[in-house]
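Enquirer: Dropping in data.txt, with compact mmCIF, C-alpha atoms and all ligand atoms.
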# COMPACT_ATOMS: atom_id res chain seq x y z
CA MET Q 1124 -38.57 -12.51 26.06
CA ALA Q 1125 -37.38 -12.21 22.47
CA GLY Q 1126 -40.55 -13.90 21.15
CA ALA Q 1127 -42.77 -11.15 22.57
CA LEU Q 1128 -40.95 -8.26 20.92
CA PRO Q 1129 -42.77 -6.03 18.42
CA SER Q 1130 -41.70 -5.87 14.76
CA PRO Q 1131 -39.34 -3.04 13.83
CA ASP Q 1132 -41.55 -0.14 12.73
CA PRO Q 1133 -40.19 1.63 9.63
CA LYS Q 1134 -41.98 4.84 10.62
CA ARG Q 1135 -40.00 5.03 13.86
CA LEU Q 1136 -36.75 4.76 11.94
CA LEU Q 1137 -37.85 7.42 9.42
CA ALA Q 1138 -38.81 9.78 12.24
CA TRP Q 1139 -35.40 9.25 13.83
CA TYR Q 1140 -33.71 9.85 10.47
CA ASP Q 1141 -35.59 13.11 9.93
CA VAL Q 1142 -34.05 14.45 13.13
CA HIS Q 1143 -30.59 12.89 13.13
CA LYS Q 1144 -29.50 12.55 9.51
CA ARG Q 1145 -26.14 14.06 8.63
CA ALA Q 1146 -25.98 16.94 6.16
CA LEU Q 1147 -24.07 15.13 3.41
CA PRO Q 1148 -23.44 17.07 0.19
CA TRP Q 1149 -25.34 14.61 -2.05
CA ARG Q 1150 -28.41 14.94 0.15
CA VAL Q 1151 -28.83 18.59 -0.85
CA ARG Q 1152 -30.53 17.79 -4.15
CA ARG Q 1153 -32.09 14.53 -5.30
CA ASP Q 1154 -30.33 14.37 -8.62
CA PRO Q 1155 -29.55 10.92 -10.12
CA TYR Q 1156 -26.14 12.09 -11.35
CA ARG Q 1157 -25.09 13.25 -7.88
CA ILE Q 1158 -26.51 10.18 -6.17
CA TRP Q 1159 -24.81 7.84 -8.61
CA LEU Q 1160 -21.50 9.71 -8.22
CA SER Q 1161 -21.66 9.54 -4.43
CA GLU Q 1162 -22.59 5.85 -4.43
CA VAL Q 1163 -19.74 4.87 -6.75
CA MET Q 1164 -17.26 6.96 -4.78
CA ALA Q 1165 -18.41 5.61 -1.42
CA GLN Q 1166 -17.93 1.94 -2.34
CA GLN Q 1167 -15.32 0.57 0.07
CA THR Q 1168 -14.27 4.05 1.19
CA THR Q 1169 -15.10 6.20 4.21
CA LEU Q 1170 -17.41 9.19 3.81
CA ALA Q 1171 -14.71 11.49 5.19
CA ALA Q 1172 -12.45 10.42 2.31
CA VAL Q 1173 -15.22 10.70 -0.28
CA ILE Q 1174 -16.58 14.19 0.42
CA PRO Q 1175 -13.63 16.27 -0.91
CA TYR Q 1176 -13.45 14.09 -4.04
CA TYR Q 1177 -17.19 14.32 -4.58
CA GLN Q 1178 -17.08 18.10 -4.31
CA ALA Q 1179 -14.06 18.37 -6.61
CA PHE Q 1180 -15.71 16.14 -9.24
CA LEU Q 1181 -18.92 18.15 -9.15
CA ALA Q 1182 -17.06 21.44 -9.41
CA ARG Q 1183 -15.15 20.15 -12.41
CA TRP Q 1184 -17.92 18.14 -14.09
CA PRO Q 1185 -21.22 19.60 -12.87
CA SER Q 1186 -23.33 17.33 -15.09
CA LEU Q 1187 -23.28 13.81 -16.46
CA ALA Q 1188 -22.67 15.23 -19.95
CA ASP Q 1189 -19.58 17.08 -18.68
CA LEU Q 1190 -18.15 13.94 -17.13
CA ALA Q 1191 -18.93 11.86 -20.22
CA ALA Q 1192 -17.09 14.39 -22.38
CA ALA Q 1193 -14.00 14.37 -20.14
CA ASP Q 1194 -10.83 12.59 -21.12
CA ALA Q 1195 -10.43 9.20 -19.32
CA GLU Q 1196 -6.95 10.22 -18.19
CA GLU Q 1197 -8.26 13.41 -16.57
CA VAL Q 1198 -10.88 11.41 -14.67
CA LEU Q 1199 -8.27 8.95 -13.42
CA ALA Q 1200 -6.01 11.81 -12.33
CA ALA Q 1201 -8.86 13.47 -10.41
CA TRP Q 1202 -9.66 10.13 -8.76
CA SER Q 1203 -6.03 9.64 -7.77
CA GLY Q 1204 -5.71 8.90 -4.05
CA LEU Q 1205 -9.22 7.52 -3.65
CA GLY Q 1206 -8.05 3.96 -4.48
CA TYR Q 1207 -9.75 1.12 -6.36
CA TYR Q 1208 -8.99 2.74 -9.70
CA ARG Q 1209 -11.12 0.32 -11.66
CA ARG Q 1210 -14.08 2.21 -10.19
CA ALA Q 1211 -12.88 5.42 -11.85
CA ARG Q 1212 -12.70 3.66 -15.21
CA HIS Q 1213 -16.17 2.22 -14.71
CA LEU Q 1214 -17.47 5.60 -13.59
CA HIS Q 1215 -16.30 7.20 -16.81
CA ALA Q 1216 -17.51 4.31 -18.99
CA CYS Q 1217 -20.89 4.46 -17.28
CA ALA Q 1218 -21.17 8.23 -17.79
CA ARG Q 1219 -20.50 7.74 -21.50
CA ILE Q 1220 -23.08 4.97 -21.89
CA VAL Q 1221 -25.79 6.94 -20.09
CA ALA Q 1222 -24.98 10.19 -21.89
CA GLN Q 1223 -24.53 8.74 -25.35
CA ASP Q 1224 -26.69 5.60 -25.52
CA LEU Q 1225 -29.44 6.29 -23.00
CA GLY Q 1226 -30.22 9.90 -23.84
CA GLY Q 1227 -28.64 11.21 -20.64
CA ARG Q 1228 -31.09 9.43 -18.32
CA PHE Q 1229 -30.12 6.72 -15.87
CA PRO Q 1230 -32.31 3.60 -15.92
CA GLU Q 1231 -34.71 3.68 -12.95
CA SER Q 1232 -34.93 -0.05 -12.19
CA VAL Q 1233 -32.43 -2.10 -10.19
CA GLU Q 1234 -31.96 -4.44 -13.18
CA GLY Q 1235 -31.38 -1.55 -15.61
CA LEU Q 1236 -28.85 0.05 -13.27
CA ARG Q 1237 -27.05 -3.24 -12.66
CA ALA Q 1238 -26.40 -3.57 -16.37
CA LEU Q 1239 -24.19 -0.45 -16.24
CA PRO Q 1240 -20.43 -0.66 -15.60
CA GLY Q 1241 -19.39 -0.45 -11.97
CA LEU Q 1242 -22.82 -0.94 -10.41
CA GLY Q 1243 -23.30 -4.08 -8.32
CA ALA Q 1244 -26.39 -5.24 -6.46
CA TYR Q 1245 -25.94 -2.78 -3.60
CA SER Q 1246 -25.18 0.36 -5.63
CA ALA Q 1247 -27.95 -0.36 -8.14
CA ALA Q 1248 -30.49 -0.82 -5.35
CA ALA Q 1249 -29.25 2.31 -3.55
CA ILE Q 1250 -29.60 4.47 -6.66
CA ALA Q 1251 -32.98 2.95 -7.56
CA ALA Q 1252 -34.32 3.67 -4.07
CA ILE Q 1253 -32.71 7.05 -3.41
CA ALA Q 1254 -32.87 8.63 -6.86
CA PHE Q 1255 -36.04 6.98 -8.18
CA GLU Q 1256 -38.06 5.90 -5.12
CA ARG Q 1257 -38.04 2.26 -6.15
CA PRO Q 1258 -39.31 -0.06 -3.37
CA THR Q 1259 -36.08 -1.84 -2.53
CA VAL Q 1260 -33.73 -1.94 0.45
CA PRO Q 1261 -30.05 -1.77 -0.55
CA VAL Q 1262 -27.99 -4.10 1.60
CA ASP Q 1263 -24.43 -3.11 2.50
CA GLY Q 1264 -22.26 -4.05 5.48
CA ASN Q 1265 -24.04 -1.55 7.73
CA VAL Q 1266 -27.43 -2.95 6.86
CA LEU Q 1267 -26.30 -6.57 7.30
CA ARG Q 1268 -25.08 -5.69 10.77
CA VAL Q 1269 -28.30 -3.93 11.80
CA VAL Q 1270 -30.46 -6.77 10.47
CA ALA Q 1271 -28.31 -9.49 12.08
CA ARG Q 1272 -28.81 -7.73 15.41
CA LEU Q 1273 -32.48 -6.90 14.99
CA PHE Q 1274 -33.27 -10.57 14.37
CA ALA Q 1275 -30.43 -11.99 16.53
CA VAL Q 1276 -29.01 -14.02 13.64
CA THR Q 1277 -26.03 -15.84 15.11
CA LYS Q 1278 -24.82 -17.69 11.99
CA PRO Q 1279 -21.48 -16.41 10.62
CA LEU Q 1280 -22.00 -13.52 8.23
CA ALA Q 1281 -20.76 -15.34 5.13
CA GLN Q 1282 -23.44 -18.02 5.52
CA ALA Q 1283 -26.18 -15.69 6.71
CA LYS Q 1284 -25.94 -13.02 3.99
CA ALA Q 1285 -28.77 -14.22 1.77
CA ASP Q 1286 -31.09 -14.65 4.76
CA LEU Q 1287 -30.18 -11.20 6.12
CA ALA Q 1288 -30.74 -9.58 2.72
CA GLU Q 1289 -34.20 -11.17 2.55
CA ARG Q 1290 -35.06 -10.04 6.06
CA ALA Q 1291 -33.90 -6.51 5.18
CA GLN Q 1292 -36.60 -6.36 2.47
CA THR Q 1293 -39.27 -7.16 5.06
CA LEU Q 1294 -38.41 -3.96 6.96
CA ARG Q 1295 -39.47 -1.68 4.10
CA PRO Q 1296 -42.08 1.02 4.61
CA ARG Q 1297 -45.00 1.69 2.20
CA ARG Q 1298 -43.43 4.95 0.96
CA ARG Q 1299 -40.28 7.07 1.33
CA PHE Q 1300 -38.11 4.25 0.00
CA GLY Q 1301 -35.15 6.53 -0.65
CA ASP Q 1302 -35.22 7.99 2.83
CA PHE Q 1303 -35.65 4.55 4.35
CA ALA Q 1304 -32.58 3.22 2.52
CA GLN Q 1305 -30.53 6.12 3.82
CA ALA Q 1306 -32.05 5.87 7.30
CA LEU Q 1307 -31.02 2.24 7.63
CA MET Q 1308 -27.47 3.00 6.54
CA GLU Q 1309 -27.40 6.00 8.85
CA LEU Q 1310 -28.55 3.88 11.78
CA GLY Q 1311 -25.68 1.46 11.09
CA ALA Q 1312 -23.18 4.28 10.77
CA LEU Q 1313 -24.24 6.39 13.77
CA VAL Q 1314 -25.95 4.15 16.33
CA CYS Q 1315 -25.72 0.45 15.52
CA THR Q 1316 -21.96 0.70 15.06
CA PRO Q 1317 -19.69 -2.36 14.72
CA ARG Q 1318 -18.06 -2.37 18.16
CA ALA Q 1319 -20.30 -0.45 20.50
CA PRO Q 1320 -23.95 -0.23 19.46
CA ASP Q 1321 -25.61 2.66 21.29
CA CYS Q 1322 -28.85 0.77 21.97
CA PRO Q 1323 -30.40 3.36 24.36
CA ARG Q 1324 -30.42 5.87 21.45
CA CYS Q 1325 -31.80 3.40 18.91
CA PRO Q 1326 -35.30 3.97 17.51
CA TRP Q 1327 -35.67 0.19 17.13
CA ALA Q 1328 -34.40 -0.73 20.60
CA LYS Q 1329 -37.72 -2.22 21.73
CA ALA Q 1330 -37.91 -4.45 18.66
CA CYS Q 1331 -34.30 -5.63 18.73
CA ARG Q 1332 -33.78 -9.34 19.50
CA ALA Q 1333 -30.01 -9.08 20.01
CA ARG Q 1334 -30.45 -6.27 22.50
CA ALA Q 1335 -33.07 -8.26 24.40
CA GLN Q 1336 -30.69 -11.22 24.54
CA GLY Q 1337 -27.68 -9.07 25.49
CA ILE Q 1338 -25.64 -10.22 22.47
CA ALA Q 1339 -25.77 -7.09 20.30
CA ASP Q 1340 -22.08 -6.31 20.29
CA SER Q 1341 -21.10 -9.89 19.41
CA LEU Q 1342 -23.12 -9.80 16.16
CA PRO Q 1343 -22.77 -10.28 13.32
CA GLN Q 1344 -20.48 -13.27 13.78
CA LYS Q 1345 -17.48 -12.84 11.53
CA SER Q 1346 -16.11 -15.67 9.44
CA ALA Q 1347 -12.37 -16.26 9.80
CA LYS Q 1348 -10.49 -13.86 7.54
CA LYS Q 1349 -8.22 -15.13 4.80
CA ALA Q 1350 -4.70 -13.75 5.18
CA LYS Q 1351 -3.69 -11.29 2.45
CA PRO Q 1352 -0.70 -12.33 0.35
CA MET Q 1353 2.30 -10.19 1.31
CA LEU Q 1354 4.33 -9.36 -1.77
CA GLN Q 1355 7.73 -7.75 -2.26
CA ALA Q 1356 8.96 -5.49 -5.03
CA VAL Q 1357 11.76 -3.09 -5.83
CA ALA Q 1358 10.92 0.13 -7.69
CA PHE Q 1359 13.46 2.05 -9.76
CA LEU Q 1360 13.58 5.80 -9.52
CA LEU Q 1361 15.58 6.95 -12.50
CA ARG Q 1362 16.22 10.70 -12.28
CA ARG Q 1363 17.53 12.85 -15.11
CA ALA Q 1364 19.79 15.87 -14.49
CA ASP Q 1365 16.78 18.18 -15.11
CA GLY Q 1366 14.87 16.49 -12.26
CA ALA Q 1367 12.48 14.45 -14.44
CA VAL Q 1368 11.71 10.90 -13.32
CA LEU Q 1369 10.93 7.91 -15.55
CA LEU Q 1370 7.39 6.50 -15.18
CA ARG Q 1371 5.59 3.68 -16.95
CA ARG Q 1372 1.99 2.74 -17.42
CA ARG Q 1373 0.58 -0.42 -15.84
CA PRO Q 1374 -1.34 -2.92 -18.01
CA ASP Q 1375 -4.99 -2.18 -18.79
CA THR Q 1376 -6.24 -5.00 -16.60
CA GLY Q 1377 -5.52 -6.07 -13.04
CA LEU Q 1378 -4.49 -4.08 -9.99
CA LEU Q 1379 -4.07 -0.31 -10.63
CA ALA Q 1380 -4.98 -0.90 -14.29
CA GLY Q 1381 -3.71 1.83 -16.59
CA MET Q 1382 -2.17 3.91 -13.78
CA LEU Q 1383 1.35 5.31 -13.86
CA GLU Q 1384 4.11 3.94 -11.66
CA LEU Q 1385 7.86 3.77 -11.26
CA PRO Q 1386 9.32 0.86 -13.24
CA SER Q 1387 9.71 -2.07 -10.86
CA THR Q 1388 10.43 -5.76 -10.49
CA PRO Q 1389 7.49 -8.14 -10.62
CA TRP Q 1390 5.69 -8.42 -7.27
CA ARG Q 1391 6.39 -11.75 -5.57
CA GLU Q 1392 6.35 -13.34 -2.13
CA LYS Q 1393 10.10 -13.97 -1.91
CA PRO Q 1394 12.18 -10.88 -1.01
CA TRP Q 1395 14.43 -9.54 -3.77
CA ASN Q 1396 18.17 -9.15 -3.49
CA LEU Q 1397 19.37 -6.07 -5.26
CA ASP Q 1398 21.40 -7.84 -7.96
CA ASP Q 1399 18.43 -9.93 -9.07
CA ALA Q 1400 16.14 -6.94 -8.86
CA LEU Q 1401 18.41 -4.81 -11.05
CA GLU Q 1402 17.91 -7.24 -13.91
CA HIS Q 1403 14.43 -5.70 -14.18
CA ALA Q 1404 15.68 -2.10 -14.00
CA PRO Q 1405 15.67 0.33 -16.90
CA PRO Q 1406 19.21 1.16 -18.14
CA GLY Q 1407 20.79 3.14 -15.29
CA ARG Q 1408 23.78 3.43 -12.99
CA ASP Q 1409 24.81 4.45 -9.46
CA TRP Q 1410 21.79 2.67 -7.99
CA GLN Q 1411 21.26 3.13 -4.26
CA GLU Q 1412 18.39 2.81 -1.80
CA SER Q 1413 16.52 6.11 -1.74
CA ALA Q 1414 14.14 5.39 1.14
CA PRO Q 1415 13.52 2.69 3.73
CA PRO Q 1416 11.16 -0.04 2.45
CA PHE Q 1417 7.49 0.61 3.19
CA ARG Q 1418 4.32 -1.43 3.13
CA HIS Q 1419 1.21 -0.51 1.16
CA VAL Q 1420 -2.03 -2.39 1.69
CA PHE Q 1421 -4.59 -3.00 -1.06
CA SER Q 1422 -7.91 -4.76 -0.57
CA HIS Q 1423 -6.64 -8.27 -1.32
CA VAL Q 1424 -2.88 -7.98 -1.16
CA SER Q 1425 -0.15 -5.98 0.50
CA VAL Q 1426 3.18 -5.04 -1.05
CA THR Q 1427 6.42 -4.01 0.59
CA LEU Q 1428 8.26 -1.70 -1.75
CA ARG Q 1429 11.93 -0.83 -1.74
CA VAL Q 1430 12.88 2.14 -3.85
CA VAL Q 1431 16.32 2.44 -5.40
CA ALA Q 1432 17.38 5.58 -7.22
CA GLY Q 1433 19.86 5.90 -10.04
CA ARG Q 1434 20.87 7.96 -13.04
CA PRO Q 1435 19.92 7.06 -16.61
CA ALA Q 1436 22.59 5.40 -18.71
CA GLY Q 1437 22.30 7.43 -21.90
CA ARG Q 1438 19.19 9.00 -23.42
CA LEU Q 1439 16.15 6.94 -22.62
CA ALA Q 1440 12.82 7.23 -24.36
CA GLY Q 1441 9.71 6.91 -22.17
CA LEU Q 1442 7.40 8.96 -20.05
CA TRP Q 1443 9.46 11.45 -18.06
CA ALA Q 1444 7.72 13.78 -15.63
CA LYS Q 1445 8.90 16.39 -13.14
CA PRO Q 1446 7.50 16.81 -9.62
CA GLY Q 1447 5.44 19.89 -10.68
CA GLN Q 1448 3.56 17.79 -13.25
CA TRP Q 1449 2.47 14.96 -11.00
CA GLY Q 1450 -0.74 16.59 -9.86
CA GLY Q 1451 -2.11 16.19 -13.40
CA LEU Q 1452 -1.11 12.54 -13.79
CA ALA Q 1453 -2.93 9.39 -12.73
CA LEU Q 1454 -0.54 8.47 -9.93
CA PRO Q 1455 -1.86 5.87 -7.49
CA SER Q 1456 -1.10 6.30 -3.79
CA LEU Q 1457 1.61 3.63 -3.91
CA THR Q 1458 3.58 5.60 -6.51
CA ALA Q 1459 2.93 8.93 -4.80
CA LYS Q 1460 4.24 7.45 -1.53
CA ALA Q 1461 7.35 6.01 -3.21
CA LEU Q 1462 8.13 9.40 -4.76
CA ALA Q 1463 7.45 11.37 -1.57
CA ARG Q 1464 9.57 9.02 0.55
CA SER Q 1465 12.41 9.45 -1.92
CA GLY Q 1466 12.21 13.23 -1.59
CA GLN Q 1467 10.46 13.72 -4.95
CA SER Q 1468 7.41 15.79 -4.11
FE1 LIG A 1501 -28.45 -2.07 16.92
FE2 LIG A 1501 -28.85 -1.80 19.52
FE3 LIG A 1501 -30.57 -0.78 17.77
FE4 LIG A 1501 -30.41 -3.40 18.12
S1 LIG A 1501 -31.05 -1.88 19.62
S2 LIG A 1501 -30.55 -2.33 16.18
S3 LIG A 1501 -28.24 -3.64 18.46
S4 LIG A 1501 -28.43 -0.17 18.08
Just give me the structure of the file as structure tokens.
Ligand code: SF4
Expert:
Amino acid sequence: MAGALPSPDPKRLLAWYDVHKRALPWRVRRDPYRIWLSEVMAQQTTLAAVIPYYQAFLARWPSLADLAAADAEEVLAAWSGLGYYRRARHLHACARIVAQDLGGRFPESVEGLRALPGLGAYSAAAIAAIAFERPTVPVDGNVLRVVARLFAVTKPLAQAKADLAERAQTLRPRRRFGDFAQALMELGALVCTPRAPDCPRCPWAKACRARAQGIADSLPQKSAKKAKPMLQAVAFLLRRADGAVLLRRRPDTGLLAGMLELPSTPWREKPWNLDDALEHAPPGRDWQESAPPFRHVFSHVSVTLRVVAGRPAGRLAGLWAKPGQWGGLALPSLTAKALARSGQS
């Protein structure tokens, strides 16, 4: 009977964590700079994708002061491929504020951390708990799932979030807040996984309402997903005789803000015919398709890109770069893919 179940004991989870935690690079040393860096990088990205970037950033900018002193363009280039480029801009802005205005020390409270660029409720709570032992439970998707199952909350996730976040706070131990935050996330990542929770291995199995009711793998209930707009664009690959390609910088706000890209048509839902598209092209000639169209998916939108290649009509001013230079530029994955598919890598 669900009513007779014990409460989830935080000590059991901590004991499990002590044995089963993964050796992640930011767990080696409890340093606010490293913890902050890992938290910002891990937002909406898998750990497997984050680890090489985290290590490369630390090798290049071993301290907050180093990162704050870096050029914004260098930081964007190093972030290239990790996606969500606004996070890289916020990361750099945050490093500068902490290094220059806060004497090199991160605020220790959730509220103080939330006031910094790029830190939302979850990241601020995670840093406060893990770096500064503040008594708070950061709530991400993993934690929402574990809590929905522990308490058998059957309401759709979108409506249950506030309730689940409150219940998460009730699970907190009296000490080891940083370890507990990580233990809860680790449980969600390793045992209480989205599709197939491994309940027999779970330290909280006896306390879990969803397990007792046999509904663990149906929770949390998802709300219907909104379809992503599917946009179309044509990109123009203008190649000089010396192999250099014309790039342009995107506006400072919006998707891929400030990143470099091939000049292109606006992105729209209606497919482009080539004649209309070429009205948006830089001055060029001999245009022809250089690769089959491909689809690239962002968080809220997907774009199908056709790439047409041509030769410049006359001497054109602008940012020209050769394949060997692209490693040092802030090229988002979409542009890198367009270039690679057109044989420019
Ligand atoms: Fe998740 Fe199963 Fe543990 Fe419940 S018993 S918290 S469903 S892994």
Enquirer: Please determine, counting only C-alpha atoms, which residue among Q:Leu1401, Q:Phe1300, Q:Glu1256, Q:Leu1360 has the shortest atom-to-atom distance to Gly1466 (chain Q).
Expert: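 Among Q:Leu1401, Q:Phe1300, Q:Glu1256, Q:Leu1360, it is Q:Leu1360 that comes nearest to Gly1466 (chain Q).
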Enquirer: Point out the residue among Q:Gly1243, Q:Pro1352, Q:Pro1175, Q:Gly1235 with the least atom-to-atom distance to Val1420 (chain Q), counting only C-alpha atoms.
Expert: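 Nearest to Val1420 (chain Q): Q:Pro1352.
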Enquirer: Residues within 10 Å of ligand LIG 1501 (chain A) (all atoms listed in the file), as a ChimeraX atom specification?
Expert: /Q:1131,1266,1268-1275,1307,1310-1311,1313-1317,1319-1335,1337-1342
Enquirer: List as a list in words the protein and nucleic acid residues near Arg1212 (chain Q), meaning an atom at most 10 Å away when all atoms listed in the file are counted, but skip any in the same chain fewer than 5 places from it.
Expert: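 Non-adjacent residues within range: Ala1195, Glu1196, Val1198, Leu1199, Trp1202, Tyr1207, Cys1217, Ala1218, Pro1240, Gly1241, Ala1380 and Gly1381 of chain Q.
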Enquirer: If we draw a sphere of 12 Å around (-20.5, 5.4, -24.1), which residues have at least one atom in it when counting only C-alpha atoms? Please report them as an NGL selection string.
Expert: :Q and (1187-1188 or 1190-1193 or 1195 or 1212-1227 or 1239-1240)
Enquirer: Atoms to include: C-alpha atoms. Write the selected residues as a compact mmCIF listing (two decimals), keeping the file's coordinate frame.
Expert:
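This is the output file part21.txt:
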# COMPACT_ATOMS: atom_id res chain seq x y z
CA LEU Q 1187 -23.28 13.81 -16.46
CA ALA Q 1188 -22.67 15.23 -19.95
CA LEU Q 1190 -18.15 13.94 -17.13
CA ALA Q 1191 -18.93 11.86 -20.22
CA ALA Q 1192 -17.09 14.39 -22.38
CA ALA Q 1193 -14.00 14.37 -20.14
CA ALA Q 1195 -10.43 9.20 -19.32
CA ARG Q 1212 -12.70 3.66 -15.21
CA HIS Q 1213 -16.17 2.22 -14.71
CA LEU Q 1214 -17.47 5.60 -13.59
CA HIS Q 1215 -16.30 7.20 -16.81
CA ALA Q 1216 -17.51 4.31 -18.99
CA CYS Q 1217 -20.89 4.46 -17.28
CA ALA Q 1218 -21.17 8.23 -17.79
CA ARG Q 1219 -20.50 7.74 -21.50
CA ILE Q 1220 -23.08 4.97 -21.89
CA VAL Q 1221 -25.79 6.94 -20.09
CA ALA Q 1222 -24.98 10.19 -21.89
CA GLN Q 1223 -24.53 8.74 -25.35
CA ASP Q 1224 -26.69 5.60 -25.52
CA LEU Q 1225 -29.44 6.29 -23.00
CA GLY Q 1226 -30.22 9.90 -23.84
CA GLY Q 1227 -28.64 11.21 -20.64
CA LEU Q 1239 -24.19 -0.45 -16.24
CA PRO Q 1240 -20.43 -0.66 -15.60
Enquirer: What does the distance from CA of Pro1446 (chain Q) to CA of Leu1379 (chain Q) come to in Å, to one decimal?
Expert: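 Value for the CA of Pro1446 (chain Q)-CA of Leu1379 (chain Q) distance: 20.7 Å.
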Enquirer: Considering all atoms listed in the file, state which residue in the set Q:Asp1302, Q:Asp1286, Q:Asp1263, Q:Asp1154 is at the smallest distance from Tyr1140 (chain Q).
Expert: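 Closest to Tyr1140 (chain Q) of all the choices is Q:Asp1302.
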Enquirer: The residues within 8 Å of (-13.0, 12.8, -10.9), using all atoms listed in the file and the coordinates of the file, should be reported as a list of chain:residue names; which are they?
Expert: Q:Tyr1176, Q:Tyr1177, Q:Ala1179, Q:Phe1180, Q:Arg1183, Q:Trp1184, Q:Glu1197, Q:Val1198, Q:Leu1199, Q:Ala1200, Q:Ala1201, Q:Trp1202, Q:Ala1211
Enquirer: At a cut-off of 7 Å, using all atoms listed in the file, what residues contact region 1157-1171 of chain Q? Leave out same-chain residues fewer than 5 positions from it and give the result as a PyMOL selection string.
Expert: chain Q and resi 1149+1177+1246+1250+1254
Enquirer: Given the choices Q:Gln1282, Q:Thr1259, Q:Ser1130, Q:Asn1265, which gets closest to Gly1301 (chain Q) if the distance is worked out from only C-alpha atoms?
Expert: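 Ranking Q:Gln1282, Q:Thr1259, Q:Ser1130, Q:Asn1265 by distance to Gly1301 (chain Q), first place goes to Q:Thr1259.
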Enquirer: Which residues are close to Pro1133 (chain Q), i.e. within 7 Å by all atoms listed in the file, leaving aside same-chain residues fewer than 6 positions away? Reply as a list in words.
Expert: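 Neighbouring residues, sequence-local ones excluded: Leu1294, Arg1295 and Pro1296 of chain Q.
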Enquirer: Tell me, in Å to one decimal, how far CA of Asp1398 (chain Q) is from CA of Ala1440 (chain Q).
Expert: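 A separation of 23.9 Å between them.
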Enquirer: In terms of the shortest atom-to-atom distance over only C-alpha atoms, which of Q:Glu1289, Q:Ala1367, Q:Ala1432, Q:Gln1344 is closest to Arg1318 (chain Q)?
Expert: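 Smallest separation from Arg1318 (chain Q) among the options: Q:Gln1344.
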Enquirer: Rank nothing, just name the residue among Q:Ala1358, Q:Pro1374, Q:Pro1435, Q:Leu1385 nearest to Pro1415 (chain Q), using only C-alpha atoms.
Expert: Q:Ala1358
Enquirer: For Arg1429 (chain Q), find every residue with an atom within 9 Å (counting all atoms listed in the file), except residues of its own chain fewer than 2 positions away, and show them as a tab-separated table (two decimals) with C-alpha atoms, in the coordinates of the input.
Expert:
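The file below, result.tsv, is the result:
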chain	number	residue	atom	x	y	z
Q	1355	GLN	CA	7.73	-7.75	-2.26
Q	1356	ALA	CA	8.96	-5.49	-5.03
Q	1357	VAL	CA	11.76	-3.09	-5.83
Q	1358	ALA	CA	10.92	0.13	-7.69
Q	1359	PHE	CA	13.46	2.05	-9.76
Q	1412	GLU	CA	18.39	2.81	-1.80
Q	1413	SER	CA	16.52	6.11	-1.74
Q	1414	ALA	CA	14.14	5.39	1.14
Q	1415	PRO	CA	13.52	2.69	3.73
Q	1416	PRO	CA	11.16	-0.04	2.45
Q	1417	PHE	CA	7.49	0.61	3.19
Q	1427	THR	CA	6.42	-4.01	0.59
Q	1431	VAL	CA	16.32	2.44	-5.40
Q	1461	ALA	CA	7.35	6.01	-3.21
Enquirer: Set the distance at 9 Å and use all atoms listed in the file: which residues neighbour Lys1351 (chain Q) once local chain neighbours fewer than 4 positions away are removed? I'd like the list as a list in words.
Expert: Ser1422, His1423, Val1424 and Ser1425 of chain Q
Enquirer: CA of Pro1279 (chain Q) and CA of Ser1346 (chain Q), how far apart in Å?
Expert: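 Separation of CA of Ser1346 (chain Q) and CA of Pro1279 (chain Q): 5.5 Å.
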